[in-house]
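Trainee: Encoded as structure tokens, here's the structure I'll be asking about.
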Amino acid sequence: MIIAFAGVLFALLSSGACGSQSVQNVLWLPCQFVDEIIRLNSEGHRETEYHHRDAVLQFSNTGDRPINPNAITFLVTASKVDIRRYVEGGWDALQCEIRRYSTSGIVVRWPGLGAQEHDVWFICAFHHSEGRFVITTFLRHTLADSGFTEWIQVEDRQILTTSVALVVLTRTPSVRVGLMKDLTLHCQFAVDHKQANVTVEWRQQRRGERTKLFTYSSRTGQSEGSGVSLRGLSNAGNASLKLPPTTQASEGTYMCSVLVPPLYISQDITLSILEPPRVSVNVGSSLALTLGAEQKVMCDAEGYYPLDVTIEWQRERVGSSFIPQPSLEDSGYKYTCRVYHKALLTPVRKSFTLSVTEPDTTWWYVSVLGFIILMIVILVWLMPQLNDARRQSARKRF
Ligand SMILES: *[C@@H]1O[C@H](CO)[C@@H](O)[C@H](O)[C@H]1NC(C)=O
Ligand SMILES: *[C@@H]1O[C@H](CO)[C@@H](O)[C@H](O)[C@H]1NC(C)=O
């Protein structure tokens, strides 16, 4: 793969023109409950309306008083999964959102239910505002009547007692990395009961194409693909995927999905490749030219990704005329090639200073003068001999 772009500068034509708070102890946090209301519109079609409602996630026990009586309270009672231990770096930078979760018709009883009970699910996502992690949790609210309805009315000021059934998180929701780098995409999960039936899957989506990279089922103990440590997976819910050294094809969206029936979550991780260009100029830091000579100066950028690069030449003092060949006037200027690329915070600069001199004429004068002198010397030496010869021939005639 050769990625190269050449910015060409002909004999200096350029005259500028081209050129916190402790996390474990937190008792509650504000949240948005994004409620869905399905209505029939004027044409009789079903439409989903989203309503943002104030809510509080309150970590305490069943029957506790709500901290904010004016909001909907999702009371999170203790379970084997404490989501607070997954939050790093304080709650200030956290966005919390709760939505309803539909099991899409899958009826699987969650362990620990009484015969007459059924679950109503909510999904709660924590996004770190600087993109350090995304944590998705399934909140299980148990109803004590047998009439199965997933869709319960949630009133303002209602208290919903829940517990965390499943948490899936990534600490690498968005990764930017160079080429030929070793990289592990983080994905981790925890379930509130032992011997849960878990299926873990990794897929990559790139330019509309999906590739399955890895699958594992705890029920069969079988896996396909590579990159995930099976021991870490079954012992600690560590589903992190180790990638081969990065290439352009590593780019895309990676999906770490965890299925614990009836719950399913797919966590997206975006991977972008960013490799800065290597920049070179084919002349040294100074370039000496004589008037009338031509020199092609190239500024090369290679090895970069993505394939967008901008190369420009600049002359230190900006002029306006276009000079196809160096003139004495161009002498003493500094010419700088600047390369702009997405992977560079500031452009790469490569410069050289130009000196233009007039062709040396002294030697020509010296040569001409030498020739004339030589001619005179020869003449002076030849004249007497010529005269002698003439005299002799004259004598013969007489
Ligand atoms: C796992 O799945 C098997 C077969 O579907 C079922 O018999 C078993 O009870 C499940 N285990 C748990 C803990 O849900
Ligand atoms: C999880 O697994 C990855 C890859 O197998 C490994 O690099 C990482 O250290 C593990 N994390 C923990 C917390 O064990």
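The way I read the labels, and the way they are meant: chains A, B, ... in the order of the structure tokens, residue 1 as the first residue of every chain, and ligand 1 as the first ligand shown, with later ones counted on from there.
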Can you work out which residues are within 12 Å of ligand 2, considering only C-alpha atoms and all ligand atoms, and then hand them over as a VMD selection string?

Mentor: chain A and resid 86 170 to 171 182 to 189 226 to 243

Trainee: Write out as CSV a residue-level contact list of region 254-346 of chain A versus region 89-101 of chain A with cut-off 12 Å: for each qualifying residue the closest pair of atoms and the distance in Å to one decimal, counting only C-alpha atoms, rows sorted by chain and residue number upward.

Mentor:
residue,atom,partner,partner_atom,distance
A:Pro262,CA,A:Tyr101,CA,10.4
A:Leu263,CA,A:Tyr101,CA,8.7
A:Tyr264,CA,A:Tyr101,CA,9.7
A:Ile265,CA,A:Tyr101,CA,10.4

Trainee: Which residue is closest to ligand 1? Choose from A:Val198, A:Leu40, A:Val175, A:Leu386 and count only C-alpha atoms and all ligand atoms.

Mentor: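 Looking only at the distances to ligand 1, the closest residue turns out to be A:Val198.
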
Trainee: Which residue gives the smallest distance to Pro306 (chain A) among A:Ser331, A:Gln267, A:Asn197, A:Ser272, with only C-alpha atoms counted?

Mentor: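 Using only C-alpha atoms, Pro306 (chain A) sits closest to A:Ser272.
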
Trainee: Go ahead and compute the interatomic distance for CA of Arg176 (chain A) and CA of Ser250 (chain A), in Å to one decimal.

Mentor: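 For CA of Arg176 (chain A) relative to CA of Ser250 (chain A), the distance reads 11.0 Å.
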
Trainee: List all protein, DNA and RNA residues that have any atom at most 7 Å from ligand 1, counting only C-alpha atoms and all ligand atoms, and write the list as a VMD selection string.

Mentor: chain A and resid 111 194 to 197 219

Trainee: Mind checking which residues fall within 7 Å of Thr77 (chain A), counting only C-alpha atoms, ignoring those fewer than 6 positions away in the same chain, and posting them as a ChimeraX atom specification?

Mentor: /A:59-62,162-163

Trainee: Would you output that residue set with all heavy atoms, as a PDB file, in the first residue's frame?

Mentor:
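The result, stored in again_17.pdb:
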ATOM      1  N   PHE A  59     -30.334   4.685  45.124  1.00  0.00           N
ATOM      2  CA  PHE A  59     -29.782   3.424  45.614  1.00  0.00           C
ATOM      3  C   PHE A  59     -30.162   3.267  47.071  1.00  0.00           C
ATOM      4  O   PHE A  59     -29.552   3.874  47.958  1.00  0.00           O
ATOM      5  CB  PHE A  59     -28.256   3.410  45.445  1.00  0.00           C
ATOM      6  CG  PHE A  59     -27.819   3.561  44.012  1.00  0.00           C
ATOM      7  CD1 PHE A  59     -27.508   4.813  43.488  1.00  0.00           C
ATOM      8  CD2 PHE A  59     -27.743   2.458  43.173  1.00  0.00           C
ATOM      9  CE1 PHE A  59     -27.131   4.954  42.170  1.00  0.00           C
ATOM     10  CE2 PHE A  59     -27.359   2.592  41.852  1.00  0.00           C
ATOM     11  CZ  PHE A  59     -27.052   3.847  41.352  1.00  0.00           C
ATOM     12  N   SER A  60     -31.189   2.492  47.350  1.00  0.00           N
ATOM     13  CA  SER A  60     -31.567   2.255  48.747  1.00  0.00           C
ATOM     14  C   SER A  60     -32.463   1.026  48.821  1.00  0.00           C
ATOM     15  O   SER A  60     -32.514   0.216  47.894  1.00  0.00           O
ATOM     16  CB  SER A  60     -32.222   3.494  49.347  1.00  0.00           C
ATOM     17  OG  SER A  60     -33.380   3.845  48.617  1.00  0.00           O
ATOM     18  N   ASN A  61     -33.190   0.906  49.923  1.00  0.00           N
ATOM     19  CA  ASN A  61     -33.954  -0.321  50.157  1.00  0.00           C
ATOM     20  C   ASN A  61     -35.432  -0.122  49.859  1.00  0.00           C
ATOM     21  O   ASN A  61     -35.942   1.006  49.860  1.00  0.00           O
ATOM     22  CB  ASN A  61     -33.792  -0.768  51.603  1.00  0.00           C
ATOM     23  CG  ASN A  61     -32.324  -0.988  51.921  1.00  0.00           C
ATOM     24  OD1 ASN A  61     -31.609  -1.622  51.153  1.00  0.00           O
ATOM     25  ND2 ASN A  61     -31.870  -0.419  53.027  1.00  0.00           N
ATOM     26  N   THR A  62     -36.104  -1.223  49.650  1.00  0.00           N
ATOM     27  CA  THR A  62     -37.549  -1.206  49.411  1.00  0.00           C
ATOM     28  C   THR A  62     -38.225  -0.458  50.553  1.00  0.00           C
ATOM     29  O   THR A  62     -37.912  -0.675  51.715  1.00  0.00           O
ATOM     30  CB  THR A  62     -38.074  -2.660  49.379  1.00  0.00           C
ATOM     31  OG1 THR A  62     -37.183  -3.417  48.567  1.00  0.00           O
ATOM     32  CG2 THR A  62     -39.461  -2.742  48.825  1.00  0.00           C
ATOM     33  N   THR A 162     -36.812  -1.528  41.852  1.00  0.00           N
ATOM     34  CA  THR A 162     -36.116  -2.335  40.836  1.00  0.00           C
ATOM     35  C   THR A 162     -34.843  -2.939  41.427  1.00  0.00           C
ATOM     36  O   THR A 162     -34.420  -2.570  42.515  1.00  0.00           O
ATOM     37  CB  THR A 162     -35.698  -1.476  39.622  1.00  0.00           C
ATOM     38  OG1 THR A 162     -34.678  -0.571  40.034  1.00  0.00           O
ATOM     39  CG2 THR A 162     -36.855  -0.698  39.033  1.00  0.00           C
ATOM     40  N   SER A 163     -34.259  -3.825  40.656  1.00  0.00           N
ATOM     41  CA  SER A 163     -32.907  -4.289  40.982  1.00  0.00           C
ATOM     42  C   SER A 163     -32.163  -4.481  39.678  1.00  0.00           C
ATOM     43  O   SER A 163     -32.777  -4.666  38.616  1.00  0.00           O
ATOM     44  CB  SER A 163     -32.962  -5.588  41.792  1.00  0.00           C
ATOM     45  OG  SER A 163     -33.414  -6.630  40.975  1.00  0.00           O
TER      46      SER A 163
END

Trainee: Do you have the CA of Asp156 (chain A)-CA of Phe33 (chain A) distance handy?

Mentor: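 It comes out at 10.8 Å.
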
Trainee: Among region 64-277 of chain A, which ones does DSSP assign to strand (DSSP E) (computed from the backbone)? Answer as number ranges by chain.

Mentor: A: 72-77, 94-101, 118-128, 134-143, 159-170, 174-177, 183-185, 188-191, 199-206, 209-217, 223-225, 241-243, 252-260, 263-273

Trainee: Point out the residue among A:Pro359, A:Leu160, A:Cys299, A:Ala144 with the least atom-to-atom distance to His118 (chain A), counting only C-alpha atoms.

Mentor: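 Using only C-alpha atoms, the shortest distance to His118 (chain A) belongs to A:Ala144.
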
Trainee: Just give me the gap between CA of Leu29 (chain A) and CA of Val56 (chain A) in Å, one decimal is fine.

Mentor: 5.8 Å

Trainee: Nearest to Val81 (chain A) among A:Asp388, A:Asp35, A:Asp192, A:Glu275, with distances taken over only C-alpha atoms: which residue is it?

Mentor: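 Closest candidate: A:Asp192.
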
Trainee: From the set A:Tyr216, A:Tyr254, A:Tyr340, A:Tyr335, which residue has the shortest atom-to-atom contact distance to Ile311 (chain A), counting only C-alpha atoms?

Mentor: A:Tyr340

Trainee: Set the distance at 12 Å and use only C-alpha atoms: which residues neighbour Ser355 (chain A) once local chain neighbours fewer than 3 positions away are removed? I'd like the list as a PyMOL selection string.

Mentor: chain A and resi 11-12+285-291+293+326-335+352+358

Trainee: Find the residues around Gly63 (chain A) up to 10 Å (only C-alpha atoms counted), leave out those fewer than 3 positions away in its own chain, and share them as a list in words.

Mentor: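 Counting only C-alpha atoms, the residues come to Ser60, Pro66, Leu75, Ile159 and Thr161 of chain A.
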
Trainee: For C-alpha atoms, I'd like the residues from the last selection saved as a compact mmCIF listing (two decimals), in the first residue's frame.

Mentor:
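Dumped everything to part.txt:
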# COMPACT_ATOMS: atom_id res chain seq x y z
CA SER A 60 -31.57 2.26 48.75
CA PRO A 66 -37.93 9.15 47.82
CA LEU A 75 -35.42 2.65 43.51
CA ILE A 159 -41.75 4.90 42.96
CA THR A 161 -38.73 -0.69 43.01
